[in-house]
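Structure file entry_9.cif (mmCIF, C-alpha atoms and all ligand atoms) follows.
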data_run
#
loop_
_atom_site.label_atom_id
_atom_site.label_comp_id
_atom_site.auth_asym_id
_atom_site.auth_seq_id
_atom_site.Cartn_x
_atom_site.Cartn_y
_atom_site.Cartn_z
CA MET V 1 -7.76 -8.16 -10.89
CA LYS V 2 -6.15 -8.00 -7.50
CA VAL V 3 -2.59 -7.09 -6.57
CA SER V 4 -0.09 -9.83 -7.09
CA PRO V 5 3.44 -9.79 -5.73
CA SER V 6 4.65 -12.30 -8.31
CA ALA V 7 5.84 -9.77 -10.87
CA THR V 8 9.33 -8.52 -10.09
CA PRO V 9 10.23 -5.08 -11.40
CA GLU V 10 12.81 -5.38 -14.13
CA ASN V 11 14.64 -2.33 -12.97
CA ASN V 12 17.85 -2.48 -11.01
CA LEU V 13 17.12 -3.12 -7.35
CA ASP V 14 20.11 -1.04 -6.33
CA TYR V 15 19.13 2.13 -8.14
CA ARG V 16 15.67 3.41 -8.94
CA CYS V 17 14.22 6.42 -10.68
CA VAL V 18 11.27 7.81 -8.73
CA SER V 19 8.51 10.29 -9.53
CA ILE V 20 6.33 11.68 -6.75
CA LEU V 21 2.79 12.88 -7.40
CA GLY V 22 1.93 15.03 -4.38
CA ALA V 23 5.53 15.64 -3.31
CA THR V 24 4.60 18.57 -1.07
CA GLY V 25 2.18 16.56 1.08
CA SER V 26 2.73 14.30 4.05
CA ILE V 27 3.32 11.15 1.94
CA GLY V 28 5.51 13.12 -0.48
CA CYS V 29 7.67 14.63 2.27
CA ASN V 30 8.09 11.24 3.97
CA THR V 31 9.14 9.74 0.62
CA LEU V 32 11.68 12.49 0.03
CA ASP V 33 13.03 11.98 3.53
CA LEU V 34 13.77 8.34 2.63
CA VAL V 35 15.31 9.38 -0.69
CA ARG V 36 17.44 12.00 1.10
CA ASN V 37 18.79 9.32 3.43
CA ASN V 38 19.43 6.82 0.60
CA ALA V 39 20.70 9.23 -2.04
CA GLU V 40 22.88 6.61 -3.71
CA LYS V 41 19.84 4.38 -4.39
CA PHE V 42 17.32 6.82 -5.85
CA ASN V 43 17.10 9.47 -8.51
CA ILE V 44 14.12 11.83 -8.55
CA ILE V 45 12.60 12.28 -12.02
CA ALA V 46 9.46 14.37 -11.42
CA LEU V 47 7.90 16.19 -8.48
CA THR V 48 4.42 17.70 -8.30
CA GLY V 49 2.62 19.97 -5.86
CA ASN V 50 -0.65 21.88 -6.00
CA LYS V 51 -0.43 25.18 -4.10
CA ASN V 52 2.64 25.08 -1.90
CA VAL V 53 4.98 26.51 -4.52
CA ASP V 54 7.67 27.52 -2.02
CA LEU V 55 8.06 23.95 -0.79
CA LEU V 56 8.02 22.58 -4.34
CA ILE V 57 10.82 24.99 -5.30
CA GLN V 58 12.81 23.97 -2.23
CA GLN V 59 12.32 20.26 -2.99
CA ALA V 60 13.23 20.71 -6.65
CA ARG V 61 16.40 22.62 -5.72
CA GLU V 62 17.39 19.84 -3.34
CA PHE V 63 16.54 16.80 -5.51
CA SER V 64 17.06 18.20 -9.05
CA PRO V 65 14.22 16.41 -10.85
CA ASP V 66 13.92 16.63 -14.64
CA LEU V 67 10.44 18.13 -14.22
CA ALA V 68 8.63 20.08 -11.48
CA VAL V 69 4.88 20.63 -11.86
CA ILE V 70 2.54 22.87 -9.90
CA GLY V 71 -1.19 22.09 -10.17
CA ASP V 72 -2.36 25.64 -9.63
CA GLU V 73 -1.62 27.43 -12.92
CA THR V 74 -1.58 30.88 -11.28
CA LEU V 75 1.63 29.81 -9.52
CA TYR V 76 3.50 28.92 -12.72
CA ASP V 77 5.47 32.19 -12.88
CA GLU V 78 6.54 31.82 -9.28
CA LEU V 79 7.75 28.26 -9.87
CA LYS V 80 9.58 29.31 -13.03
CA ALA V 81 11.27 32.22 -11.29
CA GLY V 82 12.23 30.07 -8.31
CA LEU V 83 14.01 27.55 -10.56
CA SER V 84 15.23 29.92 -13.31
CA ASP V 85 18.90 29.34 -12.47
CA THR V 86 18.53 25.55 -12.82
CA ASP V 87 17.90 23.31 -15.83
CA ILE V 88 14.77 21.81 -14.27
CA LYS V 89 11.81 21.93 -16.63
CA VAL V 90 8.75 23.56 -15.05
CA ALA V 91 5.08 23.26 -15.96
CA ALA V 92 1.63 23.84 -14.47
CA GLY V 93 -1.91 22.48 -14.66
CA SER V 94 -3.55 19.10 -15.01
CA GLU V 95 -1.97 18.14 -18.35
CA ALA V 96 1.44 18.82 -16.89
CA MET V 97 0.52 16.66 -13.89
CA ALA V 98 -0.12 13.81 -16.35
CA GLU V 99 3.19 14.59 -18.08
CA ALA V 100 4.94 14.20 -14.72
CA ALA V 101 3.36 10.75 -14.29
CA ASP V 102 4.40 9.84 -17.83
CA GLN V 103 8.11 10.62 -17.37
CA PRO V 104 10.20 7.48 -17.59
CA SER V 105 10.68 6.35 -13.99
CA ASP V 106 10.81 2.94 -12.31
CA ILE V 107 8.28 3.83 -9.66
CA VAL V 108 5.59 6.47 -9.19
CA ILE V 109 4.48 7.42 -5.70
CA ALA V 110 0.75 8.24 -5.94
CA GLY V 111 0.54 10.69 -3.04
CA ILE V 112 -2.05 13.21 -4.27
CA VAL V 113 -5.08 13.47 -2.01
CA GLY V 114 -8.55 12.81 -3.39
CA VAL V 115 -9.89 12.06 -6.82
CA ALA V 116 -7.59 14.75 -8.25
CA GLY V 117 -4.95 12.02 -8.18
CA LEU V 118 -6.89 9.60 -10.37
CA ALA V 119 -5.98 10.94 -13.82
CA PRO V 120 -2.20 11.23 -13.29
CA THR V 121 -2.07 7.91 -11.41
CA LEU V 122 -3.84 6.28 -14.35
CA VAL V 123 -1.18 7.69 -16.67
CA ALA V 124 1.47 6.00 -14.51
CA ALA V 125 -0.55 2.77 -14.47
CA LYS V 126 -0.88 2.78 -18.26
CA ARG V 127 2.88 3.16 -18.55
CA GLY V 128 3.26 -0.26 -16.89
CA THR V 129 5.51 1.01 -14.14
CA VAL V 130 5.47 0.28 -10.40
CA VAL V 131 2.67 2.34 -8.86
CA ALA V 132 3.05 2.80 -5.12
CA LEU V 133 -0.43 3.79 -4.08
CA ALA V 134 -1.18 6.04 -1.12
CA ASN V 135 -4.08 7.74 -2.90
CA LYS V 136 -6.85 5.34 -1.80
CA GLU V 137 -9.53 7.58 -3.35
CA CYS V 138 -8.34 6.29 -6.79
CA LEU V 139 -9.47 2.79 -5.89
CA VAL V 140 -12.64 3.85 -4.09
CA CYS V 141 -13.75 6.06 -6.98
CA ALA V 142 -12.74 3.83 -9.87
CA GLY V 143 -11.70 0.41 -8.46
CA ASP V 144 -12.48 -1.95 -11.34
CA PHE V 145 -11.48 0.55 -14.02
CA PHE V 146 -8.19 1.34 -12.29
CA LEU V 147 -7.30 -2.32 -11.75
CA ASN V 148 -8.15 -3.15 -15.38
CA GLU V 149 -5.66 -0.52 -16.51
CA ILE V 150 -3.02 -1.99 -14.18
CA ASP V 151 -3.78 -5.46 -15.49
CA ARG V 152 -3.71 -4.39 -19.13
CA SER V 153 -0.37 -2.60 -18.93
CA GLY V 154 1.30 -5.14 -16.65
CA ALA V 155 2.01 -2.43 -14.07
CA THR V 156 2.76 -3.48 -10.49
CA LEU V 157 0.53 -2.01 -7.81
CA LEU V 158 2.03 -1.77 -4.32
CA PRO V 159 -0.09 -0.44 -1.45
CA ILE V 160 1.43 2.25 0.77
CA ASP V 161 -1.58 2.73 3.03
CA SER V 162 -0.19 1.20 6.23
CA GLU V 163 -3.00 -1.35 6.74
CA HIS V 164 -2.90 -2.56 3.16
CA ASN V 165 0.85 -2.60 3.13
CA ALA V 166 0.73 -4.74 6.28
CA ILE V 167 -1.70 -7.19 4.66
CA PHE V 168 0.38 -7.22 1.48
CA GLN V 169 3.40 -8.24 3.57
CA VAL V 170 1.65 -11.22 5.21
CA PHE V 171 -0.87 -12.31 2.57
CA ASP V 172 0.09 -15.61 0.96
CA PHE V 173 -1.01 -14.96 -2.62
CA ASN V 174 -0.27 -18.57 -3.57
CA GLN V 175 -2.70 -19.77 -0.92
CA ALA V 176 -5.42 -17.14 -1.24
CA GLY V 177 -8.07 -19.85 -0.84
CA ASN V 178 -6.72 -20.59 2.63
CA VAL V 179 -7.39 -17.07 3.86
CA ASP V 180 -10.34 -16.88 6.23
CA HIS V 181 -10.51 -13.12 6.67
CA LEU V 182 -8.58 -9.84 6.88
CA THR V 183 -8.60 -7.55 9.90
CA LEU V 184 -8.04 -3.87 9.22
CA THR V 185 -6.94 -2.18 12.40
CA ALA V 186 -8.06 1.37 13.16
CA SER V 187 -6.71 3.77 15.77
CA GLY V 188 -10.25 5.04 16.32
CA GLY V 189 -9.02 8.59 15.68
CA PRO V 190 -9.04 11.51 18.12
CA PHE V 191 -12.69 11.03 19.12
CA ARG V 192 -12.66 7.32 19.90
CA SER V 193 -14.10 7.96 23.36
CA THR V 194 -15.96 11.22 22.69
CA SER V 195 -19.74 11.15 23.28
CA LEU V 196 -22.12 11.92 20.44
CA SER V 197 -23.32 15.11 22.15
CA GLU V 198 -19.73 16.37 22.43
CA MET V 199 -19.02 15.40 18.81
CA LYS V 200 -21.46 18.03 17.58
CA ASN V 201 -19.09 20.84 18.50
CA ILE V 202 -15.83 19.41 17.22
CA THR V 203 -13.79 22.06 15.39
CA PRO V 204 -11.55 21.51 12.33
CA ALA V 205 -8.46 22.13 14.50
CA GLN V 206 -9.52 19.34 16.88
CA ALA V 207 -10.37 16.99 14.02
CA VAL V 208 -7.03 17.31 12.21
CA ALA V 209 -5.02 16.57 15.36
CA HIS V 210 -4.59 12.80 15.02
CA PRO V 211 -3.20 11.01 18.10
CA ASN V 212 -0.79 8.63 16.28
CA TRP V 213 -0.18 9.79 12.70
CA ASP V 214 0.88 13.14 11.22
CA MET V 215 -1.12 13.37 7.98
CA GLY V 216 -2.78 15.82 5.59
CA ALA V 217 -6.01 17.57 6.63
CA LYS V 218 -8.41 15.50 4.53
CA ILE V 219 -7.27 12.06 5.70
CA SER V 220 -7.06 13.37 9.28
CA VAL V 221 -10.73 14.40 9.18
CA ASP V 222 -11.56 11.05 7.54
CA SER V 223 -9.80 9.33 10.44
CA ALA V 224 -11.80 11.40 12.92
CA THR V 225 -15.14 10.36 11.36
CA MET V 226 -13.69 6.88 10.68
CA MET V 227 -14.67 7.30 7.03
CA ASN V 228 -10.99 6.66 6.43
CA LYS V 229 -11.50 3.08 7.62
CA GLY V 230 -14.60 2.86 5.45
CA LEU V 231 -12.59 3.96 2.41
CA GLU V 232 -9.89 1.47 3.43
CA LEU V 233 -12.45 -1.33 3.57
CA ILE V 234 -13.27 -0.60 -0.08
CA GLU V 235 -9.56 -0.25 -0.89
CA ALA V 236 -8.85 -3.67 0.68
CA TYR V 237 -11.70 -5.27 -1.24
CA TYR V 238 -10.15 -4.11 -4.52
CA LEU V 239 -6.57 -4.94 -3.56
CA PHE V 240 -6.92 -8.46 -2.18
CA PRO V 241 -8.73 -11.60 -3.40
CA VAL V 242 -11.38 -11.62 -0.64
CA GLU V 243 -15.08 -10.75 -0.44
CA GLU V 244 -16.57 -7.84 1.50
CA ASN V 245 -17.72 -10.13 4.33
CA GLN V 246 -14.14 -11.36 4.79
CA ILE V 247 -12.90 -7.93 5.86
CA GLU V 248 -13.41 -6.89 9.48
CA ILE V 249 -12.49 -3.71 11.27
CA LEU V 250 -10.96 -3.68 14.73
CA VAL V 251 -10.14 -0.64 16.82
CA HIS V 252 -6.59 -0.79 18.16
CA PRO V 253 -5.71 2.61 19.65
CA GLN V 254 -1.92 2.12 19.82
CA SER V 255 -1.53 1.63 16.01
CA VAL V 256 1.17 -1.00 16.51
CA ILE V 257 -0.47 -3.91 14.71
CA HIS V 258 -1.04 -2.42 11.28
CA SER V 259 -3.41 -5.20 10.09
CA MET V 260 -3.75 -8.98 10.08
CA VAL V 261 -4.60 -11.97 7.93
CA THR V 262 -6.40 -14.93 9.54
CA TYR V 263 -5.94 -18.26 7.74
CA LYS V 264 -8.38 -21.17 7.71
CA ASP V 265 -6.42 -23.08 10.35
CA GLY V 266 -6.76 -20.22 12.82
CA SER V 267 -3.23 -18.87 12.28
CA VAL V 268 -3.12 -15.08 12.34
CA LEU V 269 -0.26 -13.28 10.59
CA ALA V 270 0.22 -9.61 11.35
CA GLN V 271 2.67 -6.85 10.53
CA LEU V 272 3.71 -4.66 13.47
CA GLY V 273 5.75 -1.51 13.74
CA THR V 274 5.88 1.99 15.14
CA PRO V 275 3.31 4.27 13.50
CA ASP V 276 5.65 5.76 10.92
CA MET V 277 4.61 5.99 7.26
CA ARG V 278 8.24 5.75 6.21
CA THR V 279 8.07 2.00 6.85
CA PRO V 280 5.35 1.19 4.28
CA ILE V 281 6.72 3.80 1.86
CA SER V 282 10.21 2.32 2.08
CA TYR V 283 8.74 -1.15 1.55
CA ALA V 284 7.28 0.04 -1.75
CA LEU V 285 10.37 1.99 -2.76
CA ALA V 286 12.66 -1.00 -2.29
CA TRP V 287 10.25 -3.88 -3.03
CA PRO V 288 10.97 -6.77 -3.11
CA ASN V 289 14.07 -5.70 -1.21
CA ARG V 290 14.08 -3.67 2.03
CA LEU V 291 15.65 -0.36 2.95
CA GLU V 292 17.60 0.18 6.12
CA ILE V 293 15.77 2.80 8.20
CA PRO V 294 17.75 3.77 11.25
CA GLY V 295 15.85 5.10 14.24
CA ARG V 296 12.95 4.09 16.37
CA ARG V 297 12.35 0.36 16.68
CA LEU V 298 9.23 -1.19 18.10
CA ASN V 299 9.74 -1.77 21.82
CA LEU V 300 6.88 -3.92 23.01
CA ALA V 301 8.22 -4.13 26.56
CA SER V 302 7.94 -0.37 26.93
CA ILE V 303 4.53 -0.25 25.23
CA ALA V 304 3.53 -3.07 27.61
CA GLU V 305 -0.12 -3.21 26.60
CA LEU V 306 -1.93 -3.45 23.28
CA THR V 307 -5.69 -3.02 23.44
CA PHE V 308 -8.55 -3.77 21.07
CA GLU V 309 -12.24 -2.96 20.84
CA ALA V 310 -15.07 -3.33 18.36
CA PRO V 311 -15.84 -0.09 16.49
CA ASP V 312 -18.88 1.83 17.77
CA LEU V 313 -21.12 1.93 14.69
CA LYS V 314 -23.55 4.36 16.37
CA ARG V 315 -20.99 7.10 16.90
CA PHE V 316 -19.15 6.26 13.67
CA PRO V 317 -21.89 5.63 11.07
CA ALA V 318 -19.35 6.14 8.28
CA LEU V 319 -18.29 2.51 8.73
CA THR V 320 -21.77 1.20 8.00
CA ILE V 321 -22.29 3.66 5.15
CA ALA V 322 -19.05 2.53 3.49
CA ARG V 323 -19.79 -1.16 3.96
CA ASP V 324 -23.32 -0.82 2.53
CA THR V 325 -21.86 1.15 -0.37
CA LEU V 326 -19.36 -1.58 -1.11
CA LYS V 327 -22.09 -4.25 -0.96
CA ALA V 328 -24.28 -2.25 -3.35
CA GLY V 329 -21.37 -1.61 -5.75
CA GLY V 330 -21.88 0.07 -9.14
CA SER V 331 -21.58 3.84 -8.94
CA LEU V 332 -22.08 4.02 -5.18
CA PRO V 333 -18.42 3.95 -4.07
CA THR V 334 -17.72 6.77 -6.59
CA ILE V 335 -20.61 8.77 -5.13
CA LEU V 336 -19.54 8.05 -1.56
CA ASN V 337 -16.03 9.26 -2.26
CA ALA V 338 -17.14 12.44 -4.05
CA ALA V 339 -19.74 13.39 -1.43
CA ASN V 340 -17.27 12.75 1.38
CA GLU V 341 -14.59 14.90 -0.29
CA VAL V 342 -17.04 17.82 -0.58
CA ALA V 343 -18.36 17.33 2.97
CA VAL V 344 -14.85 17.23 4.47
CA ARG V 345 -13.88 20.39 2.57
CA CYS V 346 -17.03 22.17 3.77
CA PHE V 347 -16.31 21.08 7.35
CA LEU V 348 -12.75 22.42 7.08
CA GLU V 349 -14.23 25.69 5.73
CA GLU V 350 -16.52 25.73 8.81
CA ARG V 351 -19.64 25.62 6.67
CA ILE V 352 -20.98 22.45 8.33
CA GLY V 353 -20.52 20.72 11.67
CA PHE V 354 -18.52 17.56 12.33
CA LEU V 355 -21.52 15.24 12.47
CA ASP V 356 -22.84 16.75 9.24
CA ILE V 357 -19.94 15.22 7.28
CA THR V 358 -21.40 11.71 7.27
CA ARG V 359 -24.95 13.12 7.15
CA VAL V 360 -24.19 14.89 3.87
CA THR V 361 -22.53 11.80 2.44
CA GLU V 362 -25.43 9.56 3.39
CA GLU V 363 -27.98 12.01 2.01
CA VAL V 364 -26.17 12.20 -1.33
CA LEU V 365 -26.01 8.39 -1.51
CA ASN V 366 -29.72 8.11 -0.69
CA ARG V 367 -30.71 10.67 -3.32
CA THR V 368 -28.60 9.32 -6.20
CA PRO V 369 -29.86 6.39 -8.24
CA LYS V 370 -27.29 3.65 -8.71
CA SER V 371 -25.74 3.25 -12.15
CA GLU V 372 -23.00 1.05 -13.59
CA PRO V 373 -20.26 3.38 -14.88
CA LYS V 374 -17.74 1.52 -17.03
CA THR V 375 -15.66 4.19 -18.73
CA LEU V 376 -13.60 6.96 -17.17
CA ASP V 377 -16.04 9.53 -18.58
CA GLU V 378 -18.97 7.76 -16.95
CA ILE V 379 -17.11 7.53 -13.64
CA SER V 380 -16.18 11.24 -13.82
CA HIS V 381 -19.79 12.10 -14.58
CA CYS V 382 -20.99 10.23 -11.44
CA ASP V 383 -18.30 11.98 -9.42
CA GLU V 384 -19.35 15.43 -10.70
CA VAL V 385 -23.08 14.86 -10.18
CA ALA V 386 -22.43 13.72 -6.60
CA ARG V 387 -20.30 16.80 -5.92
CA VAL V 388 -23.03 19.16 -7.15
CA LEU V 389 -25.63 17.37 -5.02
CA ALA V 390 -23.34 17.39 -1.97
CA GLU V 391 -22.96 21.19 -2.30
CA GLU V 392 -26.74 21.45 -2.51
CA VAL V 393 -27.19 19.33 0.64
CA VAL V 394 -24.59 21.47 2.45
CA ARG V 395 -26.51 24.66 1.49
CA SER V 396 -29.77 23.12 2.72
CA LEU V 397 -28.18 22.56 6.16
CA ASN V 398 -27.37 26.26 6.57
P1 LIG M 1 -1.58 16.03 1.99
O1 LIG M 1 -2.74 16.93 2.02
O2 LIG M 1 -0.53 16.19 3.03
O3 LIG M 1 -0.86 16.11 0.56
C1 LIG M 1 -1.59 16.03 -0.60
C2 LIG M 1 -0.73 16.26 -1.81
O4 LIG M 1 -1.59 16.28 -2.95
C3 LIG M 1 0.02 17.60 -1.80
O5 LIG M 1 1.27 17.45 -2.43
C4 LIG M 1 -0.88 18.50 -2.66
O6 LIG M 1 -0.15 19.53 -3.30
C5 LIG M 1 -1.42 17.51 -3.66
N1 LIG M 1 -2.72 17.93 -4.19
C6 LIG M 1 -3.81 18.28 -3.46
N2 LIG M 1 -4.83 18.63 -4.30
C7 LIG M 1 -4.35 18.49 -5.55
C8 LIG M 1 -4.92 18.70 -6.84
N3 LIG M 1 -6.18 19.15 -6.99
N4 LIG M 1 -4.16 18.46 -7.92
C9 LIG M 1 -2.89 18.02 -7.78
N5 LIG M 1 -2.29 17.81 -6.58
C10 LIG M 1 -3.02 18.02 -5.49
O7 LIG M 1 -2.16 14.54 2.01
P2 LIG M 1 -1.44 13.21 2.51
O8 LIG M 1 -1.71 13.03 3.96
O9 LIG M 1 -0.03 13.17 2.03
O10 LIG M 1 -2.31 12.11 1.76
C11 LIG M 1 -2.13 11.83 0.39
C12 LIG M 1 -2.87 10.55 0.03
O11 LIG M 1 -2.27 9.48 0.75
C13 LIG M 1 -4.34 10.56 0.46
O12 LIG M 1 -5.08 9.86 -0.48
C14 LIG M 1 -4.35 9.81 1.78
O13 LIG M 1 -5.58 9.15 2.02
C15 LIG M 1 -3.24 8.80 1.54
N6 LIG M 1 -2.60 8.34 2.78
C16 LIG M 1 -1.90 9.21 3.54
C17 LIG M 1 -1.29 8.78 4.72
C18 LIG M 1 -0.46 9.73 5.56
O14 LIG M 1 0.16 9.30 6.52
N7 LIG M 1 -0.42 11.02 5.26
C19 LIG M 1 -1.42 7.46 5.12
C20 LIG M 1 -2.16 6.58 4.30
C21 LIG M 1 -2.72 7.03 3.13
MG MG M 2 -4.40 3.71 6.52
#
Would you mind giving the structure from this file in structure tokens?
Amino acid sequence: MKVSPSATPENNLDYRCVSILGATGSIGCNTLDLVRNNAEKFNIIALTGNKNVDLLIQQAREFSPDLAVIGDETLYDELKAGLSDTDIKVAAGSEAMAEAADQPSDIVIAGIVGVAGLAPTLVAAKRGTVVALANKECLVCAGDFFLNEIDRSGATLLPIDSEHNAIFQVFDFNQAGNVDHLTLTASGGPFRSTSLSEMKNITPAQAVAHPNWDMGAKISVDSATMMNKGLELIEAYYLFPVEENQIEILVHPQSVIHSMVTYKDGSVLAQLGTPDMRTPISYALAWPNRLEIPGRRLNLASIAELTFEAPDLKRFPALTIARDTLKAGGSLPTILNAANEVAVRCFLEERIGFLDITRVTEEVLNRTPKSEPKTLDEISHCDEVARVLAEEVVRSLN
């Protein structure tokens, strides 16, 4: 099953009820900014956060959801106290996270980072609602399983990831056979021109400082290693009716062309815009309509020059690792995602160096026999085994 834009949400286009999984993160805050500026069009039903209880309280006080959920159970009392003078229901923990996804809403923004978002996003998918997906790890970890659930429930999956949203906007689903290939653009991250010898000493602070996008720490590090583009390659494979060899990656440092579709006749359709996640998020929030977003417009005359280059696979081995993983299929994308999540966390904790991130991931992939997980339990088992092994590989490096 691949995404299809043919299903139109039955809900009223002029007024939508929205739940946000990962409200306190970068995607969540951008979504709430759009809701704040279009208050007459949206009603917030549920908000979730993991550790930033102060921000969750502030958001809940501003947007008055029915339910506010904090992932970290030790923060439950704080959340309860912070909202005690309101009638907002509060809860904590993973079951409550699923309850938030299950609240009746027209659209769920899947903005949790990592595989932690899989279970609640699946609950939203099973409910048959519109799932606006930022959480690419869901698809990388459990692509076929996730899409089967979407298919079975009749849910609508809309990509928020800017590249996939761009492709979604220009992909002619009625003429999928006429598509030659997709081009995922990549900024190249902060170390696009850094030599391998300099890369060894990159610190977490340097790695999270992305030149074009303001994002959470994990995706920022993924962008720096270019594993983000590797994960996006897998995400695109699951989202669109194309094969792995029909998806190419092109470095485009200005992040103006967000991705492209090349048709058989040589026509190339692209979506362009300023690098602002509110554009793809608003597209999902209003789909198939569009929201008015005042502010910066793309000014190509002032940008003057757009540049492109092939990715350097030597300095960014994550791209090859991800492509080989996708070709091999089975449990390997699940293992890749789990090992990468552990390696990025260990890098952020300064337990391993920057170049070790992909080394750890590759080592875990090499040491884990491929299997064919079909059920969620089997997928979770693969994920857990890979995490344990990744920790072991990290320890062996120290
Ligand atoms: P972030 O770190 O800023 O926010 C993550 C959110 O997830 C926070 O609300 C956090 O509380 C929540 N969270 C973290 N761990 C959790 C757990 N164990 N249980 C429950 N909730 C948890 O991350 P982000 O940059 O907003 O990215 C979110 C997702 O969107 C990622 O999958 C990322 O790849 C994707 N994405 C982000 C951007 C962007 O511009 N930020 C762009 C494209 C795709
Ligand atoms: Mg992206």
Hey, which bits of chain V sit within 12 Å of ligand MG 2 (chain M), and for each residue what's the closest pair of atoms and how far apart in Å (one decimal), counting all atoms listed in the file, rows by chain and increasing number, as a tab-separated table?
residue	atom	partner	partner_atom	distance
V:Ile27	CA	M:MG2	MG	11.7
V:Leu133	CA	M:MG2	MG	11.3
V:Ala134	CA	M:MG2	MG	8.6
V:Asn135	CA	M:MG2	MG	10.3
V:Lys136	CA	M:MG2	MG	8.8
V:Glu137	CA	M:MG2	MG	11.8
V:Pro159	CA	M:MG2	MG	10.0
V:Ile160	CA	M:MG2	MG	8.3
V:Asp161	CA	M:MG2	MG	4.6
V:Ser162	CA	M:MG2	MG	4.9
V:Glu163	CA	M:MG2	MG	5.3
V:His164	CA	M:MG2	MG	7.3
V:Asn165	CA	M:MG2	MG	8.9
V:Ala166	CA	M:MG2	MG	9.9
V:Ile167	CA	M:MG2	MG	11.4
V:Leu184	CA	M:MG2	MG	8.8
V:Thr185	CA	M:MG2	MG	8.7
V:Ala186	CA	M:MG2	MG	7.9
V:Ser187	CA	M:MG2	MG	9.5
V:Gly188	CA	M:MG2	MG	11.5
V:Gly189	CA	M:MG2	MG	11.4
V:Asn212	CA	M:MG2	MG	11.5
V:Trp213	CA	M:MG2	MG	9.6
V:Asp214	CA	M:MG2	MG	11.8
V:Met215	CA	M:MG2	MG	10.3
V:Ile219	CA	M:MG2	MG	8.9
V:Ser220	CA	M:MG2	MG	10.4
V:Asp222	CA	M:MG2	MG	10.3
V:Ser223	CA	M:MG2	MG	8.7
V:Met226	CA	M:MG2	MG	10.7
V:Met227	CA	M:MG2	MG	10.9
V:Asn228	CA	M:MG2	MG	7.2
V:Lys229	CA	M:MG2	MG	7.2
V:Gly230	CA	M:MG2	MG	10.3
V:Leu231	CA	M:MG2	MG	9.2
V:Glu232	CA	M:MG2	MG	6.7
V:Leu233	CA	M:MG2	MG	9.9
V:Ile234	CA	M:MG2	MG	11.9
V:Glu235	CA	M:MG2	MG	9.9
V:Ala236	CA	M:MG2	MG	10.4
V:Ile249	CA	M:MG2	MG	12.0
V:Ser255	CA	M:MG2	MG	10.1
V:Ile257	CA	M:MG2	MG	11.9
V:His258	CA	M:MG2	MG	8.5
V:Ser259	CA	M:MG2	MG	9.6
V:Pro275	CA	M:MG2	MG	10.4
V:Asp276	CA	M:MG2	MG	11.2
V:Met277	CA	M:MG2	MG	9.3
V:Pro280	CA	M:MG2	MG	10.3
Would you kindly return, as JSON, numbers by chain, each protein, DNA or RNA residue with an atom no farther than 6 Å from any atom of segment 105-112 of chain V, considering only C-alpha atoms and excluding same-chain residues fewer than 6 positions away?
{"V": [16, 17, 18, 19, 20, 21, 22, 27, 129, 130, 131, 132, 133, 134, 135]}
Would you list the contacts of Ala343 of chain V as a list in words, taking every protein, DNA or RNA residue within 10 Å and counting all atoms listed in the file, but skipping same-chain residues closer than 5 positions in sequence?
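Within the cut-off, the hits are Asn337, Ala338, Leu348, Glu349, Arg351, Ile352, Gly353, Phe354, Asp356, Ile357, Thr358, Arg359, Val360, Thr361, Arg387, Ala390, Glu391, Val393 and Val394 of chain V.
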File of the preceding selection, C-alpha atoms, as a JSON list (two decimals), in the frame of the given file:
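Dumped everything to out-v1.json:
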[["chain", "number", "residue", "atom", "x", "y", "z"],
["V", 337, "ASN", "CA", -16.03, 9.26, -2.26],
["V", 338, "ALA", "CA", -17.14, 12.44, -4.05],
["V", 348, "LEU", "CA", -12.75, 22.42, 7.08],
["V", 349, "GLU", "CA", -14.23, 25.69, 5.73],
["V", 351, "ARG", "CA", -19.64, 25.62, 6.67],
["V", 352, "ILE", "CA", -20.98, 22.45, 8.33],
["V", 353, "GLY", "CA", -20.52, 20.72, 11.67],
["V", 354, "PHE", "CA", -18.52, 17.56, 12.33],
["V", 356, "ASP", "CA", -22.84, 16.75, 9.24],
["V", 357, "ILE", "CA", -19.94, 15.22, 7.28],
["V", 358, "THR", "CA", -21.40, 11.71, 7.27],
["V", 359, "ARG", "CA", -24.95, 13.12, 7.15],
["V", 360, "VAL", "CA", -24.19, 14.89, 3.87],
["V", 361, "THR", "CA", -22.53, 11.80, 2.44],
["V", 387, "ARG", "CA", -20.30, 16.80, -5.92],
["V", 390, "ALA", "CA", -23.34, 17.39, -1.97],
["V", 391, "GLU", "CA", -22.96, 21.19, -2.30],
["V", 393, "VAL", "CA", -27.19, 19.33, 0.64],
["V", 394, "VAL", "CA", -24.59, 21.47, 2.45]]
Could you pull the residues within 10 Å of Lys80 of chain V, counting only C-alpha atoms, minus those fewer than 6 positions along the same chain, as a compact mmCIF listing (two decimals) with C-alpha atoms, keeping the file's coordinate frame?
# COMPACT_ATOMS: atom_id res chain seq x y z
CA ILE V 57 10.82 24.99 -5.30
CA ALA V 68 8.63 20.08 -11.48
CA VAL V 69 4.88 20.63 -11.86
CA THR V 86 18.53 25.55 -12.82
CA ILE V 88 14.77 21.81 -14.27
CA LYS V 89 11.81 21.93 -16.63
CA VAL V 90 8.75 23.56 -15.05
CA ALA V 91 5.08 23.26 -15.96
CA ALA V 92 1.63 23.84 -14.47
So for segment 360-366 of chain V, what box centre and size do we get, axis-aligned, 6 Å extra on each of the six sides, every listed atom, Å to one decimal, as JSON?
{"center_x": -26.1, "center_y": 11.5, "center_z": 1.2, "size_x": 19.2, "size_y": 18.8, "size_z": 17.4}
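Here atom CA of Leu336 of chain V stands at a distance of 26.7 Å from atom CA of Val261 of chain V.
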Do you know which residues are at most 10 Å from Val35 of chain V counting only C-alpha atoms, after dropping those on the same chain fewer than 3 positions away, and could you put them as a PyMOL selection string?
chain V and resi 18+29-32+38-44+63+282+285
